[in-house]
>>> print(open('model21.txt').read())   # compact mmCIF, C-alpha atoms
# COMPACT_ATOMS: atom_id res chain seq x y z
CA MET A 652 100.40 76.66 37.03
CA ARG A 653 100.30 73.15 35.67
CA GLU A 654 102.26 71.47 38.40
CA TRP A 655 99.17 69.56 39.47
CA LEU A 656 99.24 67.72 36.18
CA SER A 657 101.73 64.91 35.85
CA LYS A 658 103.70 64.55 32.62
CA PRO A 659 101.82 61.51 31.25
CA VAL A 660 98.51 63.31 31.69
CA LEU A 661 99.86 66.12 29.51
CA VAL A 662 100.92 63.52 26.95
CA VAL A 663 97.37 62.11 26.86
CA GLY A 664 95.97 65.62 26.50
CA ARG A 665 98.33 66.51 23.68
CA LEU A 666 97.63 63.27 21.80
CA SER A 667 93.90 63.85 22.09
CA ALA A 668 94.25 67.47 20.99
CA ILE A 669 96.33 66.52 17.94
CA ALA A 670 93.85 63.83 16.97
CA LEU A 671 90.91 66.20 17.31
CA ILE A 672 92.65 68.89 15.21
CA VAL A 673 93.31 66.29 12.51
CA ALA A 674 89.67 65.23 12.81
CA PHE A 675 88.53 68.75 11.96
CA LEU A 676 90.51 68.56 8.70
CA ALA A 677 88.62 65.53 7.42
CA PRO A 678 87.58 66.06 3.78
CA LEU A 679 84.14 64.44 4.03
CA PRO A 680 81.90 63.89 7.00
CA ALA A 681 81.30 60.27 7.86
CA ALA A 682 78.20 60.26 9.98
CA ALA A 683 78.57 57.77 12.76
CA GLN A 684 75.89 55.40 13.92
CA GLU A 685 77.36 54.67 17.32
CA SER A 686 75.58 52.64 19.95
CA PRO A 687 74.95 54.21 23.35
CA TYR A 688 76.90 51.50 25.16
CA VAL A 689 79.91 52.54 27.21
CA VAL A 690 80.96 49.06 28.35
CA THR A 691 79.11 46.57 26.13
CA TYR A 692 80.21 45.86 22.56
CA ASP A 693 77.87 45.03 19.72
CA HIS A 694 79.12 43.25 16.59
CA TYR A 695 79.51 46.31 14.39
CA LEU A 696 83.09 47.24 13.55
CA GLU A 697 84.66 50.48 12.41
CA GLU A 698 84.46 51.12 8.67
CA PRO A 699 87.80 50.33 6.98
CA GLY A 700 90.16 53.29 6.75
CA ASN A 701 88.14 55.35 9.26
CA LEU A 702 89.48 56.59 12.57
CA ASP A 703 87.13 57.25 15.45
CA VAL A 704 88.61 59.50 18.12
CA GLU A 705 86.77 59.39 21.41
CA TYR A 706 87.04 61.00 24.81
CA PHE A 707 85.15 59.59 27.78
CA SER A 708 84.72 60.69 31.37
CA THR A 709 83.42 58.81 34.36
CA PHE A 710 82.51 60.63 37.54
CA GLY A 711 82.23 58.16 40.40
CA THR A 712 80.83 58.63 43.85
CA GLN A 713 82.64 56.47 46.30
CA ARG A 714 81.38 55.06 49.57
CA GLY A 715 84.14 55.40 52.14
CA GLY A 716 86.55 57.22 49.85
CA ASN A 717 87.00 60.34 47.79
CA ASP A 718 84.94 60.75 44.62
CA PHE A 719 86.88 60.48 41.38
CA HIS A 720 86.88 61.55 37.77
CA ALA A 721 88.37 58.90 35.48
CA PHE A 722 88.91 59.68 31.80
CA TRP A 723 90.19 57.98 28.71
CA ALA A 724 90.95 58.67 25.07
CA GLU A 725 90.18 56.05 22.44
CA PHE A 726 91.62 55.79 18.94
CA GLU A 727 89.54 53.25 17.04
CA TYR A 728 90.63 52.34 13.54
CA GLY A 729 89.05 50.11 10.92
CA VAL A 730 91.92 48.14 9.44
CA LYS A 731 89.63 45.92 7.36
CA ALA A 732 85.89 45.50 7.21
CA TRP A 733 86.43 42.45 9.47
CA TRP A 734 89.15 43.86 11.79
CA THR A 735 89.08 46.87 14.10
CA THR A 736 91.97 47.88 16.32
CA GLU A 737 91.77 50.34 19.19
CA LEU A 738 94.14 52.09 21.57
CA TYR A 739 93.03 53.44 24.95
CA LEU A 740 94.93 55.89 27.15
CA ASP A 741 93.59 56.07 30.69
CA GLY A 742 93.91 58.58 33.53
CA GLN A 743 92.07 59.70 36.62
CA THR A 744 91.70 62.44 39.17
CA THR A 745 90.75 61.52 42.71
CA PHE A 746 89.35 64.55 44.47
CA GLY A 747 91.49 65.70 47.37
CA ASP A 748 94.32 63.53 46.05
CA SER A 749 96.00 63.78 42.62
CA THR A 750 95.72 63.34 38.84
CA ILE A 751 97.64 60.47 37.29
CA PHE A 752 98.05 58.56 34.04
CA THR A 753 96.98 54.99 34.73
CA GLY A 754 97.92 53.01 31.64
CA PHE A 755 97.00 51.90 28.15
CA ARG A 756 94.99 49.17 26.47
CA TRP A 757 95.27 47.81 22.98
CA GLU A 758 92.30 45.85 21.74
CA ASN A 759 91.45 44.06 18.52
CA ARG A 760 88.07 42.86 17.34
CA PHE A 761 87.66 40.31 14.55
CA ARG A 762 84.52 39.38 12.70
CA PRO A 763 84.79 35.71 11.70
CA LEU A 764 81.59 35.46 9.63
CA ARG A 765 81.07 37.08 6.27
CA ASN A 766 77.34 37.82 6.41
CA GLU A 767 74.80 38.90 8.98
CA HIS A 768 73.11 36.16 11.00
CA ILE A 769 70.55 35.99 13.79
CA VAL A 770 73.41 35.99 16.28
CA ASN A 771 76.70 37.50 15.17
CA PRO A 772 79.96 36.63 16.92
CA VAL A 773 82.97 38.90 17.18
CA ILE A 774 86.26 37.82 18.74
CA TYR A 775 87.74 40.41 21.10
CA ILE A 776 91.37 40.26 22.28
CA GLU A 777 92.94 42.94 24.46
CA TYR A 778 96.31 43.53 26.05
CA GLU A 779 96.41 46.06 28.83
CA GLN A 780 99.16 47.55 30.94
CA ILE A 781 97.41 49.44 33.69
CA GLY A 782 98.15 50.59 37.19
CA GLY A 783 96.24 49.76 40.33
CA ALA A 784 94.88 53.30 40.31
CA ASP A 785 92.93 52.75 37.09
CA LYS A 786 89.30 53.69 37.70
CA ILE A 787 87.73 53.93 34.27
CA LEU A 788 85.69 50.76 34.91
CA GLN A 789 85.58 50.01 31.20
CA GLU A 790 84.91 46.47 32.25
CA VAL A 791 84.12 44.97 35.64
CA GLU A 792 85.51 41.50 36.24
CA GLY A 793 86.52 39.02 38.91
CA HIS A 794 86.18 40.51 42.36
CA ASP A 795 86.48 44.17 41.32
CA VAL A 796 84.74 46.08 44.09
CA LYS A 797 84.53 49.66 45.26
CA SER A 798 87.04 49.19 48.09
CA ASP A 799 89.74 48.56 45.41
CA HIS A 800 89.60 52.30 44.73
CA ALA A 801 89.56 53.54 48.32
CA ALA A 802 93.32 53.83 48.87
CA SER A 803 95.26 56.93 47.87
CA ASN A 804 96.73 57.27 44.40
CA ALA A 805 100.22 57.13 45.88
CA VAL A 806 99.49 53.62 47.15
CA LEU A 807 97.48 52.39 44.16
CA ARG A 808 99.92 53.53 41.49
CA ALA A 809 102.65 51.28 42.86
CA GLU A 810 100.76 48.30 41.41
CA HIS A 811 101.29 47.55 37.71
CA ASP A 812 99.24 44.92 35.93
CA HIS A 813 99.81 43.26 32.57
CA GLU A 814 96.62 41.54 31.50
CA VAL A 815 95.10 39.86 28.49
CA GLU A 816 91.37 39.86 28.06
CA PHE A 817 89.09 37.85 25.80
CA LYS A 818 85.46 38.48 24.99
CA PRO A 819 83.41 36.27 22.71
CA ILE A 820 81.01 39.05 21.72
CA LEU A 821 77.54 37.90 20.68
CA SER A 822 75.15 40.42 19.22
CA SER A 823 71.85 40.40 17.42
CA THR A 824 69.72 43.12 15.85
CA PHE A 825 66.03 42.57 15.09
CA GLN A 826 63.31 45.10 14.31
CA GLY A 827 65.72 47.88 15.27
CA TRP A 828 66.55 46.37 18.65
CA ASN A 829 70.13 45.41 19.34
CA LEU A 830 70.88 42.84 22.01
CA ALA A 831 74.51 42.23 22.92
CA LEU A 832 76.17 39.83 25.33
CA ASN A 833 79.84 40.04 26.29
CA PRO A 834 81.23 37.32 28.55
CA ILE A 835 84.63 38.48 29.85
CA LEU A 836 87.70 36.34 30.57
CA THR A 837 90.78 38.10 31.93
CA LYS A 838 94.21 36.77 32.89
CA ASN A 839 96.77 38.75 34.79
CA LEU A 840 100.07 37.71 33.23
CA SER A 841 101.92 37.78 36.54
CA PRO A 842 102.44 34.26 37.94
CA ASN A 843 99.86 32.66 40.24
CA ASN A 844 96.96 34.88 39.24
CA PRO A 845 93.66 33.17 38.41
CA TRP A 846 91.45 33.74 35.38
CA GLU A 847 88.81 36.33 36.19
CA PHE A 848 85.29 36.42 34.78
CA GLY A 849 82.75 39.11 34.12
CA TYR A 850 79.85 40.01 31.89
CA ALA A 851 78.24 42.91 30.10
CA ILE A 852 74.84 42.81 28.43
CA GLY A 853 73.06 45.56 26.59
CA ALA A 854 69.91 46.40 24.67
CA SER A 855 69.36 49.47 22.53
CA ARG A 856 67.13 50.89 19.82
CA PRO A 857 67.07 54.07 17.71
CA LEU A 858 64.22 56.39 18.64
CA ALA A 859 63.07 56.32 14.99
CA LEU A 860 63.62 53.54 12.48
CA LYS A 861 63.04 55.63 9.36
CA ALA A 862 65.11 58.63 8.26
CA SER A 863 63.43 61.94 7.60
CA PRO A 864 64.22 63.58 4.25
CA ASN A 865 65.50 66.74 5.97
CA TYR A 866 68.99 67.42 7.23
CA CYS A 867 68.59 67.81 10.96
CA ASN A 868 70.46 67.44 14.22
CA LEU A 869 67.54 66.83 16.53
CA CYS A 870 65.64 64.24 14.46
CA ALA A 871 64.60 61.19 16.46
CA GLU A 872 66.60 58.97 14.09
CA ASN A 873 69.82 60.53 15.45
CA PHE A 874 69.20 59.27 18.98
CA ILE A 875 69.74 55.71 20.19
CA ALA A 876 68.62 54.81 23.69
CA GLY A 877 69.54 51.71 25.59
CA VAL A 878 70.43 50.07 28.83
CA GLU A 879 73.38 47.95 29.82
CA MET A 880 74.27 45.85 32.83
CA TYR A 881 77.74 44.73 33.78
CA GLY A 882 79.57 43.13 36.66
CA GLY A 883 82.04 40.55 37.91
CA LEU A 884 81.56 36.81 38.24
CA GLY A 885 84.54 35.91 40.39
CA ASP A 886 87.56 33.92 39.30
CA THR A 887 88.78 30.35 38.96
CA ARG A 888 89.44 30.19 42.72
CA SER A 889 86.03 31.49 43.79
CA LEU A 890 83.49 31.55 41.01
CA GLY A 891 80.20 33.30 41.73
CA LEU A 892 78.64 36.55 42.83
CA ASN A 893 80.20 36.72 46.29
CA HIS A 894 82.29 39.88 46.73
CA THR A 895 81.53 41.22 43.24
CA SER A 896 80.07 44.49 41.98
CA HIS A 897 77.28 45.06 39.44
CA TYR A 898 75.84 48.07 37.64
CA LEU A 899 72.70 48.90 35.71
CA ALA A 900 73.14 51.79 33.29
CA PRO A 901 70.58 53.52 31.08
CA ALA A 902 72.40 55.27 28.23
CA VAL A 903 71.73 57.44 25.22
CA ALA A 904 73.78 58.32 22.13
CA TRP A 905 73.25 61.33 19.92
CA ASN A 906 74.75 60.82 16.46
CA LEU A 907 75.09 64.11 14.60
CA PRO A 908 75.23 64.20 10.80
CA SER A 909 78.47 66.17 11.15
CA SER A 910 80.04 62.90 12.39
CA TRP A 911 80.16 63.87 16.05
CA THR A 912 78.61 61.58 18.63
CA PHE A 913 77.73 62.40 22.23
CA ARG A 914 76.98 59.73 24.81
CA LEU A 915 75.54 59.93 28.29
CA SER A 916 75.12 57.13 30.77
CA ALA A 917 74.30 56.86 34.47
CA ALA A 918 75.36 53.57 36.03
CA PHE A 919 73.76 52.68 39.34
CA GLY A 920 75.51 50.29 41.68
CA LEU A 921 73.31 47.27 42.42
CA ASN A 922 74.93 46.09 45.65
CA ASN A 923 77.05 47.36 48.49
CA GLU A 924 80.26 46.34 46.75
CA SER A 925 79.49 48.71 43.85
CA HIS A 926 80.05 52.43 43.56
CA ARG A 927 76.78 54.20 44.22
CA LEU A 928 76.79 56.11 40.91
CA LEU A 929 78.99 56.31 37.85
CA LEU A 930 78.02 59.24 35.67
CA ARG A 931 79.61 58.79 32.26
CA TRP A 932 79.71 60.99 29.21
CA GLY A 933 81.68 60.88 26.02
CA VAL A 934 82.28 62.73 22.80
CA SER A 935 83.65 61.20 19.63
CA ARG A 936 84.29 62.13 16.05
CA GLU A 937 84.66 59.72 13.22
CA PHE A 938 86.72 60.81 10.27
CA ASP A 939 87.03 58.94 7.08
CA GLY A 940 89.99 58.43 4.83
CA PHE A 941 92.53 58.42 7.66
CA GLY A 942 94.37 55.52 6.03
CA GLU A 943 94.53 57.28 2.69
CA MET A 944 95.59 60.54 4.30
CA VAL A 945 98.49 58.85 6.07
CA SER A 946 99.35 56.95 2.92
CA ARG A 947 99.57 60.21 0.95
CA MET A 948 101.77 61.70 3.68
CA PHE A 949 104.21 58.85 3.11
CA GLY A 950 103.96 59.03 -0.68
CA GLY A 951 101.57 56.10 -1.15
CA ARG A 952 99.24 55.89 -4.13
CA ARG A 953 95.85 57.56 -3.99
CA MET B 83 109.03 58.56 42.83
CA LYS B 84 111.04 55.62 41.59
CA ALA B 85 107.92 53.62 40.82
CA SER B 86 106.54 56.57 38.89
CA SER B 87 109.69 56.99 36.78
CA ARG B 88 109.67 53.30 36.00
CA GLY B 89 106.07 53.60 34.87
CA HIS B 90 106.98 56.41 32.46
CA LEU B 91 109.88 54.42 31.04
CA VAL B 92 107.56 51.53 30.27
CA THR B 93 104.59 53.54 29.08
CA LEU B 94 106.03 56.14 26.72
CA PRO B 95 107.93 53.74 24.43
CA ALA B 96 104.84 51.53 24.39
CA LEU B 97 102.73 54.46 23.23
CA ALA B 98 105.27 55.28 20.52
CA ILE B 99 105.13 51.67 19.31
CA MET B 100 101.34 51.74 19.26
CA PHE B 101 101.31 54.97 17.27
CA LEU B 102 103.71 53.55 14.70
CA PHE B 103 101.59 50.41 14.55
CA LEU B 104 98.49 52.46 13.78
CA VAL B 105 100.33 54.34 11.04
CA GLY B 106 101.46 51.01 9.58
CA LEU B 107 97.91 49.71 9.59
CA SER B 108 96.74 52.88 7.90
CA LEU B 109 99.25 52.37 5.09
CA LEU B 110 98.08 48.79 4.73
CA ALA B 111 94.42 49.79 4.54
CA ALA B 112 95.08 52.58 2.05
CA GLN B 113 96.66 50.13 -0.39
CA GLN B 114 93.76 47.70 -0.45
CA THR B 115 91.43 49.27 -3.05
CA SER B 116 92.19 48.03 -6.51
CA PRO B 117 90.26 47.32 -9.71
CA LYS B 118 90.36 43.62 -8.78
CA THR B 119 88.67 44.43 -5.45
CA GLN B 120 86.01 46.43 -7.26
CA HIS B 121 85.27 43.57 -9.65
CA SER B 122 84.95 41.28 -6.65
CA ALA B 123 82.33 43.63 -5.24
CA TRP B 124 80.30 43.35 -8.46
CA LEU B 125 80.63 39.58 -8.33
CA ALA B 126 79.11 39.72 -4.85
CA LEU B 127 76.04 41.41 -6.33
CA ALA B 128 75.67 38.48 -8.71
CA GLY B 129 75.98 36.05 -5.83
CA VAL B 130 73.01 37.29 -3.78
CA PRO B 131 70.80 34.31 -2.81
CA ALA B 132 67.45 33.95 -4.58
CA LYS B 133 65.17 34.54 -1.59
CA PRO B 134 66.53 37.96 -0.52
CA ARG B 135 66.92 38.89 -4.20
CA ALA B 136 63.15 38.59 -4.64
CA LYS B 137 62.25 40.79 -1.65
CA PRO B 138 60.11 43.76 -2.69
CA ASN B 139 61.06 47.29 -1.57
CA PRO B 140 58.53 48.35 1.10
CA MET B 141 59.63 51.98 0.69
CA ALA B 142 59.17 52.11 -3.08
CA SER B 143 55.92 54.05 -2.85
CA ASP B 144 57.08 56.37 -0.05
CA PRO B 145 57.32 59.88 -1.58
CA ASN B 146 60.14 60.83 0.84
CA ALA B 147 62.21 57.70 0.36
CA ILE B 148 64.52 59.04 -2.37
CA ALA B 149 65.29 62.27 -0.49
CA ALA B 150 65.82 60.40 2.78
CA GLY B 151 67.92 57.80 0.99
CA ARG B 152 70.04 60.54 -0.59
CA LYS B 153 70.65 62.03 2.83
CA LEU B 154 71.63 58.65 4.28
CA PHE B 155 73.84 57.94 1.27
CA GLU B 156 75.69 61.22 1.75
CA GLU B 157 76.15 60.51 5.45
CA HIS B 158 77.28 56.90 5.25
CA CYS B 159 78.22 55.89 1.70
CA ALA B 160 79.55 58.97 -0.11
CA GLN B 161 82.94 58.83 1.58
CA CYS B 162 83.74 55.75 -0.54
CA HIS B 163 81.30 55.85 -3.47
CA GLY B 164 81.45 59.63 -4.00
CA MET B 165 78.83 62.29 -3.31
CA GLN B 166 77.19 61.65 -6.71
CA ALA B 167 77.49 57.84 -6.37
CA ALA B 168 79.81 58.02 -9.37
CA GLY B 169 82.65 56.18 -7.63
CA GLY B 170 85.56 57.20 -5.46
CA ALA B 171 89.09 56.17 -4.62
CA ARG B 172 87.88 53.30 -2.47
CA ALA B 173 84.70 52.02 -4.09
CA PRO B 174 83.12 51.74 -7.54
CA SER B 175 80.44 53.86 -9.21
CA LEU B 176 76.86 52.90 -8.48
CA ARG B 177 75.54 54.66 -11.59
CA THR B 178 75.90 51.50 -13.62
CA GLN B 179 73.80 49.05 -15.54
CA ALA B 180 74.65 46.40 -12.96
CA VAL B 181 72.98 48.41 -10.21
CA GLY B 182 70.16 49.45 -12.53
CA ARG B 183 69.40 45.83 -13.38
CA ALA B 184 69.78 44.52 -9.84
CA THR B 185 66.58 43.90 -7.90
CA PRO B 186 65.93 46.12 -4.86
CA GLY B 187 66.21 42.97 -2.75
CA ALA B 188 69.70 42.23 -4.08
CA LEU B 189 70.88 45.78 -3.34
CA PHE B 190 69.31 45.59 0.12
CA TRP B 191 71.17 42.34 0.77
CA ILE B 192 74.50 43.90 -0.27
CA VAL B 193 73.91 47.00 1.88
CA THR B 194 72.91 44.78 4.81
CA ASN B 195 75.77 42.28 4.62
CA GLY B 196 78.46 44.36 2.96
CA VAL B 197 81.25 42.70 1.03
CA VAL B 198 83.36 42.24 4.10
CA ARG B 199 86.30 40.39 2.55
CA HIS B 200 86.66 43.14 -0.07
CA GLY B 201 86.37 46.26 2.05
CA MET B 202 82.67 47.11 2.07
CA PRO B 203 81.45 47.19 5.65
CA VAL B 204 78.20 45.76 6.98
CA TRP B 205 75.44 48.38 7.16
CA HIS B 206 73.08 46.21 9.13
CA LYS B 207 73.50 48.69 11.98
CA LEU B 208 71.17 51.05 10.11
CA PRO B 209 67.51 50.12 10.67
CA ALA B 210 65.94 48.13 7.82
CA SER B 211 63.73 51.05 6.75
CA GLU B 212 66.79 53.27 6.34
CA ARG B 213 68.56 50.60 4.27
CA TRP B 214 65.49 50.40 2.01
CA GLN B 215 65.55 54.20 1.70
CA ILE B 216 69.16 53.95 0.51
CA VAL B 217 68.16 51.26 -1.99
CA THR B 218 65.34 53.49 -3.28
CA PHE B 219 67.84 56.31 -3.81
CA LEU B 220 70.32 53.97 -5.53
CA LYS B 221 67.67 52.72 -7.95
CA SER B 222 66.78 56.32 -8.76
CA VAL B 223 70.38 57.31 -9.60
CA SER B 224 71.30 54.10 -11.38
CA SER B 225 68.64 54.85 -13.97
CA GLU B 226 70.32 58.19 -14.70
CA THR B 227 73.09 58.45 -17.29
CA PRO B 228 76.34 57.12 -15.85
CA ARG B 229 78.75 60.01 -15.29
CA ARG B 230 81.90 57.99 -14.97
CA GLY B 231 82.86 54.65 -16.40
CA ASN B 232 80.96 51.41 -16.37
CA PRO B 233 82.64 48.78 -14.23
CA GLU B 234 80.39 46.05 -15.52
>>> encode(input="model21.txt", output="structure tokens")
Amino acid sequence: MREWLSKPVLVVGRLSAIALIVAFLAPLPAAAQESPYVVTYDHYLEEPGNLDVEYFSTFGTQRGGNDFHAFWAEFEYGVKAWWTTELYLDGQTTFGDSTIFTGFRWENRFRPLRNEHIVNPVIYIEYEQIGGADKILQEVEGHDVKSDHAASNAVLRAEHDHEVEFKPILSSTFQGWNLALNPILTKNLSPNNPWEFGYAIGASRPLALKASPNYCNLCAENFIAGVEMYGGLGDTRSLGLNHTSHYLAPAVAWNLPSSWTFRLSAAFGLNNESHRLLLRWGVSREFDGFGEMVSRMFGGRR
Amino acid sequence: MKASSRGHLVTLPALAIMFLFLVGLSLLAAQQTSPKTQHSAWLALAGVPAKPRAKPNPMASDPNAIAAGRKLFEEHCAQCHGMQAAGGARAPSLRTQAVGRATPGALFWIVTNGVVRHGMPVWHKLPASERWQIVTFLKSVSSETPRRGNPE
């Protein structure tokens, strides 16, 4: 029955299931205040000791190729108040083709400044080992264009990339509005590959800036709406907008007091090199005390 | 097929390493709360600059501010400070004379900026009105009889 699923996809599924079961056992809810961004990062890090388990899907319509459903699981952990580490496991299904595991990413975000400022920097460093069939479009960089995804999975999966990625994240929040800018610099570690560049910018705001005294799921304060734009800027050999793709994506996040967050985003391709539509949705649950729970498992002090 | 098998050989050990790394980080984080850390947090309250310290609480006269602040506290702060703000395994009690004596502006500054080097995260991501609601709630409980200890 499950022959259509490859073994790594089952591994991803099992890891996600285990994490979600553990999430249900959390002793106290830790209501999240997640931004609606799918690609852009603001400067807020995970609270120390908390684990945020996330699942995201991207449905993409493809000009000149089969549509696809790319998905990823995220495990985001607050090591310190100034350091968040995150593991991504990626996969995708191309309709009329196959379902495959496409790789993993390990990212770290560091907050260099102690206090809040008008503009707040965060240093982002990521290592990724992904296949050519990766379609999650978590960032768009260099000359990433829709035709990269047109070949069959059998062809694309033969390519394996080891990349490092840097983002000097800049983010500011004023009067409830968050503005975030993420320049992207990526280097494929294989020899003779150029540095690739990209960008992501976002703006968002909660629908209400004041909390109501009642416990509620549908209060306006639980919703954050925003818009983000992202795309490639070429590489060191051919810098610029030629042969690059760009997206504009309205997005909304619904943060439930029970610590679940739902996100929805529709990214519209802005030129012929872009996918026409990327419909993205995600669900996440933050649970507190993960560090302490693991520590107790290994006999650490309370 | 061969390419696929090679991919599995590379990926699965990498995932195992990442999982162990996360567990290691968890152990590290769980060890970081100590009385010394808590004293450092109180020192941060004393170190709030004069200008933000003098800021008045715009929500002080809002009849719903304490209830809304309590709700926000339970959602975002209770996991460390305890549901009754009487302290938890990771953060000190807020039912203390130090909090009672602190100006609303000083508490707002601490909630906004956190005490990042000592484990308290930045809560600037909550809108300013919500942070003032939390401050209003904290001032209301700090004037009650402390239920546990006095870390002053």
>>> residues_around(input="model21.txt", residues="segment 184-197 of chain B", least_positions_apart="4", cutoff="8 Å", atoms="only C-alpha atoms", output="PDB file with C-alpha atoms, in the coordinates of the input")
ATOM      1  CA  ARG A 765      81.070  37.080   6.270  1.00  0.00           C
ATOM      2  CA  ASN A 766      77.340  37.820   6.410  1.00  0.00           C
ATOM      3  CA  GLU A 767      74.800  38.900   8.980  1.00  0.00           C
TER       4      GLU A 767
ATOM      5  CA  ALA B 123      82.330  43.630  -5.240  1.00  0.00           C
ATOM      6  CA  ALA B 126      79.110  39.720  -4.850  1.00  0.00           C
ATOM      7  CA  LEU B 127      76.040  41.410  -6.330  1.00  0.00           C
ATOM      8  CA  VAL B 130      73.010  37.290  -3.780  1.00  0.00           C
ATOM      9  CA  PRO B 134      66.530  37.960  -0.520  1.00  0.00           C
ATOM     10  CA  ARG B 135      66.920  38.890  -4.200  1.00  0.00           C
ATOM     11  CA  ALA B 136      63.150  38.590  -4.640  1.00  0.00           C
ATOM     12  CA  LYS B 137      62.250  40.790  -1.650  1.00  0.00           C
ATOM     13  CA  PRO B 138      60.110  43.760  -2.690  1.00  0.00           C
ATOM     14  CA  ASN B 139      61.060  47.290  -1.570  1.00  0.00           C
ATOM     15  CA  ALA B 180      74.650  46.400 -12.960  1.00  0.00           C
ATOM     16  CA  GLY B 201      86.370  46.260   2.050  1.00  0.00           C
ATOM     17  CA  MET B 202      82.670  47.110   2.070  1.00  0.00           C
ATOM     18  CA  PRO B 203      81.450  47.190   5.650  1.00  0.00           C
ATOM     19  CA  VAL B 204      78.200  45.760   6.980  1.00  0.00           C
ATOM     20  CA  TRP B 205      75.440  48.380   7.160  1.00  0.00           C
ATOM     21  CA  HIS B 206      73.080  46.210   9.130  1.00  0.00           C
ATOM     22  CA  ARG B 213      68.560  50.600   4.270  1.00  0.00           C
ATOM     23  CA  TRP B 214      65.490  50.400   2.010  1.00  0.00           C
ATOM     24  CA  VAL B 217      68.160  51.260  -1.990  1.00  0.00           C
ATOM     25  CA  THR B 218      65.340  53.490  -3.280  1.00  0.00           C
ATOM     26  CA  LYS B 221      67.670  52.720  -7.950  1.00  0.00           C
TER      27      LYS B 221
END
>>> closest_residue(input="model21.txt", among="A:Pro842, A:Pro864, A:Gly849, A:Gly729", to="chain B", atoms="only C-alpha atoms")
A:Pro864
>>> residues_near_point(input="model21.txt", point="(91.1, 38.1, 23.4)", cutoff="6 Å", atoms="only C-alpha atoms", output="ChimeraX atom specification")
/A:775-777,816-818
>>> atom_distance(input="model21.txt", atom1="atom CA of Ile774 of chain A", atom2="atom CA of Glu879 of chain A")
19.8 Å
>>> closest_residue(input="model21.txt", among="A:Asp886, A:Glu758, A:Glu924, A:Asp718", to="chain B", atoms="only C-alpha atoms")
A:Glu758
>>> interface_residues(input="model21.txt", of="chain A", to="chain B", cutoff="8 Å", atoms="all atoms listed in the file", output="VMD selection string")
chain A and resid 659 679 to 684 695 698 to 700 728 730 to 733 738 754 to 755 765 to 767 808 to 809 824 826 to 827 860 to 866 908 939 to 943 945 to 946 951 to 953
>>> atom_distance(input="model21.txt", atom1="atom CA of Val934 of chain A", atom2="atom CA of Glu727 of chain A")
13.3 Å
>>> atom_distance(input="model21.txt", atom1="atom CA of Ser889 of chain A", atom2="atom CA of Leu921 of chain A")
20.3 Å
>>> closest_residue(input="model21.txt", among="A:Phe825, A:Asn922, A:Thr887, A:Cys870", to="Asn843 of chain A", atoms="all atoms listed in the file")
A:Thr887
>>> build_atoms(input="model21.txt", residues="segment 712-723 of chain A", atoms="N, CA and C atoms", output="tab-separated table (two decimals), in the coordinates of the input")
chain	number	residue	atom	x	y	z
A	712	THR	N	80.97	58.33	42.42
A	712	THR	CA	80.83	58.63	43.85
A	712	THR	C	81.26	57.38	44.60
A	713	GLN	N	82.02	57.59	45.62
A	713	GLN	CA	82.64	56.47	46.30
A	713	GLN	C	82.20	56.41	47.76
A	714	ARG	N	81.69	55.25	48.15
A	714	ARG	CA	81.38	55.06	49.57
A	714	ARG	C	82.70	54.85	50.31
A	715	GLY	N	82.94	55.61	51.33
A	715	GLY	CA	84.14	55.40	52.14
A	715	GLY	C	85.42	55.81	51.44
A	716	GLY	N	85.35	56.74	50.53
A	716	GLY	CA	86.55	57.22	49.85
A	716	GLY	C	86.22	58.48	49.09
A	717	ASN	N	87.24	59.11	48.54
A	717	ASN	CA	87.00	60.34	47.79
A	717	ASN	C	86.37	60.02	46.43
A	718	ASP	N	85.49	60.90	45.97
A	718	ASP	CA	84.94	60.75	44.62
A	718	ASP	C	86.07	60.89	43.60
A	719	PHE	N	85.82	60.42	42.39
A	719	PHE	CA	86.88	60.48	41.38
A	719	PHE	C	86.32	60.82	40.01
A	720	HIS	N	87.20	61.28	39.17
A	720	HIS	CA	86.88	61.55	37.77
A	720	HIS	C	87.91	60.79	36.93
A	721	ALA	N	87.47	59.69	36.33
A	721	ALA	CA	88.37	58.90	35.48
A	721	ALA	C	88.08	59.26	34.03
A	722	PHE	N	89.10	59.26	33.20
A	722	PHE	CA	88.91	59.68	31.80
A	722	PHE	C	89.81	58.86	30.90
A	723	TRP	N	89.37	58.71	29.66
A	723	TRP	CA	90.19	57.98	28.71
A	723	TRP	C	89.96	58.49	27.30
